Each structure stands twice: as C-alpha cells, then as structure tokens.
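Working notes, beginning with the structure itself.
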Amino acid sequence: MSTRNHSHYRPKWSDREVFQPKQPIPRGQYISFSLTSFGVIFLAWIILSYGRLVDAIFLPTPGSILKVGWEMAVSGELWEHMLASVTTILMGFALAAVLAVPLGILMGSFKFVEAFIEPIINFVRYLPVSAMIPLLILWFGIGRTEKVAVIFIGTFFQLIFLISDVSANISKELLESAYTQGARKRDVVWRVLIPAAMPGIFDNLRMTLGWAWTYLIVAELVSAQRGLGYMILQSMRGLHTEAIFVGLVVIGLLGLITDQSFKVLTKLLLPWSEKAGY
Amino acid sequence: MARKKLIIENVSKVFTTARGQTIEALRHVNAYVEEGEFVTIVGTSGCGKSTLLRIVAGLEKPTSGRILLDGKEMHRPGADRGMVFQSYTLYEWLTVSDNISFGLRLRGVSRKEIREKTRFLIEKIGLSGFEDTYPKYLSGGMKQRVAIARAMANDPSILLLDEPFGALDAQTRTIMQELLLQLVEENRMTVLFVTHDIDEAIFLGDAVYVMSFRPGTIKEEVKIDVPHPRSPEVRTSPFFMDLKRSITAAIREETIRSIEASKADMRRTSPRVSGWLSRLRGRRIL
Ligand SMILES: Nc1ncnc2c1ncn2[C@@H]1O[C@H](COP(=O)(O)OP(=O)(O)OP(=O)(O)O)[C@@H](O)[C@H]1O
Ligand SMILES: [Mg+2]
C-alpha cells in the first residue's frame, strides 16, 4: 500500500506561524513583540538623555519629567488644567452627540430630512474647524464658550454625517421583517432601527471623541487662560521642557482612558454586538 | 376541494430604475394556495420570485392585480402573512427567545403565554438550551430556524418563505427541509415557498409553480401527489426523478434566457460611453 510521504519535507523559516499573513499568534508572543518596540524607544531615550547626547532643553530625562510631574500634581497646577480641559471636552462633545445622534438617524432614514440638511452639513464638514477659531474668538471671547463651540462644530457635523450613514446602511429587510410581524412604524423605529444602529453609533462616538481632543488642544494653543494646551504653550515660553512632556503624557493617557472606557461601555451595554467580541 | 386561502390575481409589476429604464418583473401572475397546502414557486435567479413574495407580504405594491387572503384584498404588510427572508434578519440585540416573541410582545400577549409559546417553538426547532443566546453565536442554519419560529409565533394565516436555505450548505439544507416539512405537517400550516432549487421545490411542495424569466409569468403548474408525512426516501424515487427531469428542462430554457439578458445588460452602456466607444472603433483603436 502506498501512503503519501511528507517526511522529507523540511520546514523553512517562513513557514512559522508568525510569518503567515492574518494568522493569529499566541498572546504571550504578541505582548513580547509589543514590549520590544516600546522598550527600544525607551532605551534610546535613556541613552540620549542620561548620556547627555542631546541637550536637556530638547530632551529631558525620564526622571526629571517624573519629578516635575509630581511637583505639578502636588501644587494642584496639573489638576486645574486637566479639569478645565476634560470639562470643556465633555460639554462640547455631549452637546454634539445629543443633537447629532437623533438628527443623524433621521437623516439616514428619511430622504426629505437628508435633502434638507445635507447641503449645509457637507459645506461645513469640509471647512477645517481650526480655520474658524478666530471667528469664534470674536464671537465668544477666549473663555470656555469658545472652546465648547470649537469642539461642537468640529464634531457635530462629522457625527451627524457618520451616524446618518450608519442608519442608512441598516438593511431594509430588517425593518420589513418587523412589519410582517405586525409592527407599526413607531415600533419599527424604536424597536428595530435604533437598536440596530447602536453599535455603529458607539463606534463613531468613540472615534469623534478622539478628534475632539485634537480640536480642544488646538483651540487652547491659540488662546486660553487654562487647560492642558495652554499649559504646554506656557511651558514652551518658559523653556520648561519637562512640563511640556508632562502635558503630552497626560493628554495621551486621557485619550487612552476615554477610548478604553468606550470599549468597556460597548461590552457592557451592547454585549450582543459583534463589536463587543465573542 | 379545499378552500383557496391565498389568491394571487393577475399580478403585474414594472420597476422603474433611477435612470428611467423599466423592468417588467412580473406579468399577469395567477396562482393560489389552498388551505393547509404547501406550494412552492421555482424559477431561475432574477425571474421575480422575491418580488412576487414581497407583493404577497404587502411589502411591495403590484402595478396591477391584487392579493386576496381569505377572500379579503391585502394592501399592507401584517402578522397574518409571516415571512422568512433570503438574508438573515434576526435582531442581533435580542436573544433567541426574545427574537421569537418579538411579534407577541408587540401585541401585548400575556407573559405566561409568551413563555409557553416560545418554549414550545424553541423545542420544535431543536434549539433548547439556546433560549438566552444572542444571534451572533448561531450558525446560519440555526439563525434560519429561529427566523421560521419567529414567523410561526404570530400564528400567521400563511407562511411565506423566500429561499430561506439558499445560503446554507447542501447537507444542512436537506436537514432544514425535513425539519420545515415536519413543522408544517404537525401544525397544519399553509405555506408559500420560493426557491431556485428544483429538488427543494419538489420535495417540499404539494404543488410547484414554474416561473419564466422576464417577464416573470407562471409557465407551468405541477401537482406533486406524494402523501404526507414525506420521508427523505422520496428524493430518490423514480417518480421524483421523472418530475425533476421535466421541471429541469422547463427551467433550463429560462436560465439560458436569463444569461443572455445579463450579457445584454452588460453590453448596454450609457449613451455617452457608447458614443465614445463607437468613435474609438471608427479610428480602429478597438
Ligand atoms: N426595487 C427594484 N428596482 C428595480 N428593479 C428591481 C427591483 N427589485 C427587483 N428588481 C428587478 O426585478 C427582477 C426580479 O427580481 P427578484 O429579486 O424578484 O428576483 P428573484 O427571482 O428573487 O432572484 P434571486 O433568485 O436572485 O433572488 C430582477 O431583474 C431585478 O433586477
Ligand atoms: Mg430573490
């Protein structure tokens, strides 16, 4: 009897799992790859800063940044700026979301609403919000109102467009199956259309919240009395490079935290969605 | 003779596309389903099967003709014509049992009755233990079983199915056909079932309508005199084979026409492009 004989086949290096496109790799391996990239950069930083290869004005040592960060935290200065930024973001973003979600759903579901608001939205959408900052300062001053307006304009028009796309892409047969079960129009909207749109809405909220950070920092760099962007700008003027780095790290961490909370929230509120994982 | 439950009377449908072209999907379709009968409609892809079923369900308006259910003309969709779609239409945010009881809850049926009914149906479709599972964890066959139970939960006068097993593999499909047949036999349901699969149409149907392609008309009506309950062995009987041969021949012509039509569709380019093309051809570039 002849059997197929593979025993002479010697695996090549490129046959290993790691080199197969789209092939998952063990979690431990994944983490060690991630840590390596992080470690390399960190090591380079340590060598450059502690070895005095780069002037501390340009690249302070990790230790000095930690020290300055600690001092700023103890003095309360850091918290004041952080609180200012976070509150402003939440206000602007909440306002945008509360208005854009229902309008977006309407726009995606009803052609007449789309025809009514699409032209305006399409115009504003291609206008970078940073270009509007001078006008907004003129209208609202350099206080919180102006920052909220910047965030609102920067996210509202994008959100409404993205959410209308989500609701327009919900399969018509999903709604029709409800009609064949005796649902009325109101039931179809509340019990089918809106729940079906939820995962997409969450996704887009998460994405635009990331953009909101960018808009806020830009607005604070242009003109402000407090906030993390303002703090960074002041530190630059005083050549306090450590404080600039503290600001960057804090902004990065806050972004990470908000993004992760959205992930957790999706898992908690929409456990049924494919996006929540299996 | 049994009473005619559903009558499709002289139904025609002409679609007008956004570009202003007209497509005659259905022309003077006449068909009926008797009380307790399982009728299948078989036809080649694009011949208007879904359109016809959607008109029966009230999801689409016929250009002319009408739909009579128990002698009453139907204009709107309703729970009396339960439908199972070609694509998966389960509600992802509801568990299996909440999907099945969707229509019942809309109508404010009592909790106790809902619980009993969903439990009964879940057992019937062989998904006991999956009551609280979300659809994302179900296979295609399981999803369509839930969709069937969901339509049955409302006690429809007629059950409409649009190629419900079209996306399933051949093995799963035969099992699903047998399960559906068993459900229908046990509950004495009236069914209108659309498919492009000739085997499926004959195995399930008490009567088979064969449709032609563009315009969709009823080309042939075949009675399948095989008593219920039907066993899977029916599929290999000589009687079944003969029927299959004649229906296959009838549909083959239509399929060839549909392929010709799709070639013609591809050739039909916009006037501007064809002007361009002819100019290029004039210069002997193409
Ligand atoms: N809304 C519509 N607008 C324009 N044309 C349509 C529309 N719906 C269907 N048609 C056309 O009508 C014809 C019949 O379509 P239908 O979906 O009923 O076919 P089908 O028999 O169900 O095909 P399949 O087996 O592929 O599901 C097709 O030529 C299709 O292009
Ligand atoms: Mg179809």
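Each chain in the structure tokens gets a letter, A, B, ..., in the order shown, and its residues are numbered from 1; ligands are numbered from 1 in order too.
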| task | Return the neighbours of chain A among the residues of chain B, cut-off 9 Å, counting only C-alpha atoms, as a PyMOL selection string. | result | chain B and resi 57-59+76-85+87-95+102-104+106-107+133-137+150-151+154+156
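Around ligand 2, using only C-alpha atoms and all ligand atoms and a cut-off of 10 Å, the residues in contact are Gly43, Thr44, Ser45, Gly46, Cys47, Gly48, Lys49, Ser50, Thr51, Leu52, Leu53, Arg54, Phe85, Gln86, Ser87, Asp162, Glu163, Pro164, Gly166, Val194, Thr195 and His196 of chain B.
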| query | Nearest to ligand 1 among B:Ile114, B:Val11, B:Ile100, B:Ile55, with distances taken over only C-alpha atoms and all ligand atoms: which residue is it? | reply |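 Comparing B:Ile114, B:Val11, B:Ile100, B:Ile55 against ligand 1, the winner is B:Ile55.
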| task | Please identify all polymer residues within 9 Å of Leu59 (chain A), counting only C-alpha atoms, omitting same-chain residues fewer than 5 positions from it, and present them as a PyMOL selection string. | result | chain A and resi 45+48-49+54+241-242
| field | Interatomic distance (Å, one decimal) between CA of Ser231 (chain B) and CA of Val210 (chain B) | value | 23.6 Å
| request: Could you please determine the separation between CA of Ser110 (chain B) and CA of Glu35 (chain B) in Å, to one decimal place? | output: 28.9 Å
| task | Excluding Gly126 (chain B) and residues on its chain fewer than 3 positions from it, collect all residues at most 9 Å away from it, counting only C-alpha atoms, and give them as a PyMOL selection string. | result | chain B and resi 121-123+142+145
| helix (DSSP H, G or I) per DSSP on the backbone: members of region 43-262 of chain A, as a VMD selection string | chain A and resid 43 to 50 62 to 75 77 to 109 111 to 125 129 to 140 144 to 168 172 to 179 185 to 222 228 to 237 241 to 262
| field | Residues near Thr155 (chain A), cut-off 8 Å, only C-alpha atoms, skip fewer than 4 positions along chain, as an MDAnalysis selection string | value | chainID A and resid 93 96 151 159 208:209 211:212
Identify, on the basis of only C-alpha atoms, every residue whose closest approach to region 66-76 of chain A does not exceed 8 Å; exclude the query and any residue fewer than 4 positions from it along the same chain; express the result as a compact mmCIF listing (two decimals) with all heavy atoms, in the first residue's frame.
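Wrote part-v4.txt, looks like this:
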# COMPACT_ATOMS: atom_id res chain seq x y z
N PRO A 62 13.83 60.91 31.72
CA PRO A 62 12.57 60.42 32.29
C PRO A 62 12.44 60.79 33.76
O PRO A 62 11.35 61.18 34.22
CB PRO A 62 12.67 58.90 32.12
CG PRO A 62 13.63 58.69 31.01
CD PRO A 62 14.59 59.85 31.04
N GLU A 80 -5.71 71.44 37.86
CA GLU A 80 -6.53 72.58 37.42
C GLU A 80 -6.67 72.57 35.90
O GLU A 80 -7.76 72.68 35.35
CB GLU A 80 -5.88 73.88 37.90
CG GLU A 80 -6.71 75.11 37.62
CD GLU A 80 -5.87 76.37 37.64
OE1 GLU A 80 -4.92 76.44 38.45
OE2 GLU A 80 -6.15 77.26 36.83
N GLU A 242 10.39 69.86 30.53
CA GLU A 242 9.82 68.76 31.32
C GLU A 242 8.30 68.91 31.40
O GLU A 242 7.57 67.94 31.23
CB GLU A 242 10.38 68.74 32.76
CG GLU A 242 11.81 68.29 32.85
CD GLU A 242 12.78 69.46 32.81
OE1 GLU A 242 12.33 70.59 32.50
OE2 GLU A 242 13.97 69.26 33.07
N ALA A 243 7.84 70.12 31.64
CA ALA A 243 6.40 70.35 31.79
C ALA A 243 5.67 70.07 30.48
O ALA A 243 4.53 69.59 30.47
CB ALA A 243 6.13 71.77 32.26
N VAL A 246 5.26 66.45 30.44
CA VAL A 246 4.20 66.07 31.38
C VAL A 246 2.84 66.27 30.72
O VAL A 246 1.98 65.39 30.75
CB VAL A 246 4.30 66.90 32.68
CG1 VAL A 246 3.07 66.66 33.55
CG2 VAL A 246 5.57 66.53 33.44
| message | as a list in words, please: every residue in region 73-108 of chain B that DSSP puts in strand (DSSP E). | response |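 Put together, the selection reads Glu73, Arg81, Gly82, Met83 and Val84 of chain B.
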| query | Rounded to one decimal in Å, what is the spacing between CA of Ser85 (chain A) and CA of Leu256 (chain A)? | reply | 15.1 Å
